[in-house]
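Participant: Quick one: the structure is below, questions incoming.
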Amino acid sequence: SAEQFAKVGKIIHADKERRYVVPSAPGKRNSKDTKVTDMLYACYDLVEKDEDFRVMLMKIKDRYDTIINGLNLKLSLEEEFKKISENFKNKAGVDYAASRGEYLNGIIMANYLGYEFVDAAEVIFFDEDGNFMPEKTDKVLSERLAKTERAVIPGFYGAKEDGTIKTFSRGGSDITGSIVSRAVRATCYENWTDVSGFLIADPRIIDNPKPIKTITYRELSYMGASVLHEDAVFPVRKAGIPINIRNTNAPEDEGTWIVESTCHQSKYTITGIAGKKGFVSVNIDKDMMNSEIGFGRKVLSAFEDNGISFEHMPSGIDTMTIFVHQPEFEGKEQAVISAIHRYAQPDSIELESDLALIAVVGRGMKSTRGTAGRIFSALAHANINVKMIDQGSSELNIIIGVSNADFENAIKAIYDIFVITQL
């Protein structure tokens with residue numbers, strides 16, 4: 001909305017170091033609203049069915065006109081919508097349709113801020129198979145932005161070498177922001193969203209969990225945080241640029257810093273707790289398996305043959321346990337079991353379903369003795385049966401297996417001992 005644009009404008013102008021802006025498409029103004037990208041998909045769906053799409057396209061134009069009028073801009077998107085309509089008639093493709101949300105928002109944002117507009121199709125490249133071309137993009141984008149003091153580059157898309165528009169499949173505008181940060185060798189990549197950074201635990205499970213001030217890239221990968229897709233982290237991680245996750249609606253909050261490494265000690269032993277339900281453990285027993293060369297490879301071949309990836313794999317001298325996603329595994333369980341028997345000749349195989357895995361992550365765990373013991377006592381105190389515990393050699397994370405039914409209570413117990421009581 002125009003109101004959010006004004007908020008964003010204020011944030012950008014508050015710091016003259018904020019020079020390159022990557023907007024996404026207009027989202028929902030309220031819970032009953034539709035995202036512009038979804039409207040564009042629906043509109044192009046009519047194109048593909050050879051039905052009249054103009055009424056739908058005019059609805060989309062109205063969304064943008066409302067923003068323009070609300071900001072009192074002397075800007076018309078009339079010509080742009082004529083061009084879009086023409087390209088829709090010529091079946092320009094679903095990626096082209098989806099990308100127009102960011103493209104048009106970028107034009108308005110550039111006009112509003114008084115910045116130059118740089119079309120992502122001219123500076124972000126994909127090969128003919130649709131794979132992103134990082135080095136070519138970095139070279140062209142660096143050269144283009146070196147001549148541009150302040151610019152708006154729309155997120156989510158680029159173009160193939162023949163000019164066909166191509167969108168990123170996951171992580172959209174966040175990836176573009178990261179690519180632009182790398183190209184200009186930025187001191188920082190600020191990612192403004194609708195949350196004040198990462199929280200120690202899921203707010204649906206813990207009431208008002210504490211925020212995470214600083215987290216390293218490695219800790220983030222253990223937590224599998226949903227705020228940023230890993231593809232969006234890679235370009236800046238490679239260039240050693242820190243990311244700051246901030247909240248557009250609460251700009252005074254300092255948010256979370258994601259960094260390569262830090263000497264800042266966390267206030268708590270742990271940085272965060274994350275987890276997922278819906279796993280099956282496949283327990284494989286075989287005497288002296290640790291002295292049999294290639295045993296692990298043989299077992300994993302059985303999963304690979306059936307197109308199943310594994311989440312976690314703790315092992316002992318005579319046992320090996322593989323955790324897999326239950327929905328993926330259920331239809332293929334007998335095929336996998338017989339393949340393990342065929343390849344590895346185990347003594348026995350046992351399955352246990354409806355399990356949850358919880359990762360307790362923290363760089364502070366390296367320098368604190370007895371972390372695993374505290375987790376055990378917290379879970380025992382909450383009457384939770386621990387099915388598995390495994391500490392990574394990096395000492396940055398401990399993985400705990402519990403039954404699905406105990407998942408929420410286990411997270412509450414761990415949060416309580418490390419954050420609330422800090423025993």
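Scheme for the structure tokens: letters A, B, ... for chains in order shown; per-chain residue numbers from 1; ligand numbers from 1 in order shown.
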Give me the residues within 9 Å of Arg54 in chain A as an NGL selection string, counting only C-alpha atoms and dropping any in the same chain fewer than 3 places off.
Facilitator: :A and (43 or 57-59 or 85)
Participant: Would you please give, as a VMD selection string, all residues of range 170-209 of chain A that DSSP assigns to alpha helix (DSSP H) based on the backbone?
Facilitator: chain A and resid 172 to 183
Participant: Out of A:Ser1, A:Ser301, A:Gly296, A:Val152, which residue has the shortest atom-to-atom distance to Lys28 in chain A when counting only C-alpha atoms?
Facilitator: A:Ser1
Participant: Mind dumping a table of every range 169-224 of chain A residue within 10 Å of range 265-273 of chain A, with the nearest atom pair and its distance in Å to one decimal, using only C-alpha atoms, sorted by chain and rising number, as CSV?
Facilitator:
```
residue,atom,partner,partner_atom,distance
A:Phe198,CA,A:Gly272,CA,8.9
A:Leu199,CA,A:Gly272,CA,7.3
A:Ile200,CA,A:Gly272,CA,4.2
A:Ala201,CA,A:Ile273,CA,5.3
A:Asp202,CA,A:Ile273,CA,8.0
A:Lys210,CA,A:Gly272,CA,9.5
A:Pro211,CA,A:Gly272,CA,9.3
A:Ile212,CA,A:Thr271,CA,6.7
A:Lys213,CA,A:Ser266,CA,8.0
A:Thr214,CA,A:Ser266,CA,7.6
A:Ile215,CA,A:Thr271,CA,7.1
A:Thr216,CA,A:Thr271,CA,9.5
A:Glu219,CA,A:Thr271,CA,7.9
A:Leu220,CA,A:Gly272,CA,9.0
A:Tyr222,CA,A:Gly272,CA,9.6
A:Met223,CA,A:Ile273,CA,7.1
```
Participant: Might you pull out every residue within 10 Å of Lys387 in chain A, with only C-alpha atoms counted and same-chain residues fewer than 2 positions away left off, and present them as a short mmCIF file (atom, residue, chain, number, x, y, z; two decimals) with N, CA, C and O atoms, in the first residue's frame?
Facilitator:
```cif
data_model
loop_
_atom_site.label_atom_id
_atom_site.label_comp_id
_atom_site.auth_asym_id
_atom_site.auth_seq_id
_atom_site.Cartn_x
_atom_site.Cartn_y
_atom_site.Cartn_z
N SER A 281 12.47 -43.74 12.11
CA SER A 281 13.86 -44.18 12.29
C SER A 281 13.97 -45.62 11.80
O SER A 281 13.12 -46.46 12.10
N GLU A 352 10.70 -47.35 13.59
CA GLU A 352 9.87 -46.64 14.57
C GLU A 352 9.36 -45.38 13.90
O GLU A 352 10.15 -44.59 13.36
N LEU A 355 8.08 -39.88 14.79
CA LEU A 355 9.13 -39.27 15.62
C LEU A 355 9.36 -37.82 15.20
O LEU A 355 9.08 -37.43 14.06
N ALA A 356 9.87 -37.04 16.13
CA ALA A 356 10.24 -35.66 15.83
C ALA A 356 11.72 -35.48 16.13
O ALA A 356 12.26 -36.13 17.03
N LEU A 357 12.37 -34.62 15.35
CA LEU A 357 13.78 -34.30 15.60
C LEU A 357 13.87 -32.84 16.03
O LEU A 357 13.24 -31.97 15.43
N ILE A 384 9.56 -36.71 29.46
CA ILE A 384 9.69 -36.96 28.02
C ILE A 384 10.76 -38.02 27.80
O ILE A 384 11.88 -37.90 28.30
N ASN A 385 10.39 -39.04 27.03
CA ASN A 385 11.31 -40.13 26.74
C ASN A 385 12.18 -39.74 25.53
O ASN A 385 11.66 -39.45 24.46
N ILE A 389 19.90 -39.17 21.03
CA ILE A 389 20.60 -37.89 21.18
C ILE A 389 21.94 -38.01 20.48
O ILE A 389 22.60 -39.05 20.56
N ILE A 400 18.11 -34.16 19.04
CA ILE A 400 17.36 -35.03 19.97
C ILE A 400 16.16 -35.60 19.22
O ILE A 400 15.47 -34.87 18.49
N GLY A 401 15.91 -36.89 19.41
CA GLY A 401 14.72 -37.52 18.83
C GLY A 401 13.71 -37.81 19.93
O GLY A 401 14.07 -38.37 20.97
N VAL A 402 12.46 -37.37 19.73
CA VAL A 402 11.38 -37.67 20.68
C VAL A 402 10.16 -38.09 19.86
O VAL A 402 10.16 -37.96 18.64
N SER A 403 9.11 -38.56 20.52
CA SER A 403 7.92 -38.92 19.74
C SER A 403 7.19 -37.62 19.34
O SER A 403 7.32 -36.59 20.01
#
```
Participant: Looking at A:Ile417, A:Ala378, A:Ile107, A:Ile398, which one is nearest to Ala359 in chain A, with distances taken over only C-alpha atoms?
Facilitator: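 Of the candidates, the smallest distance to Ala359 in chain A is held by A:Ile398.
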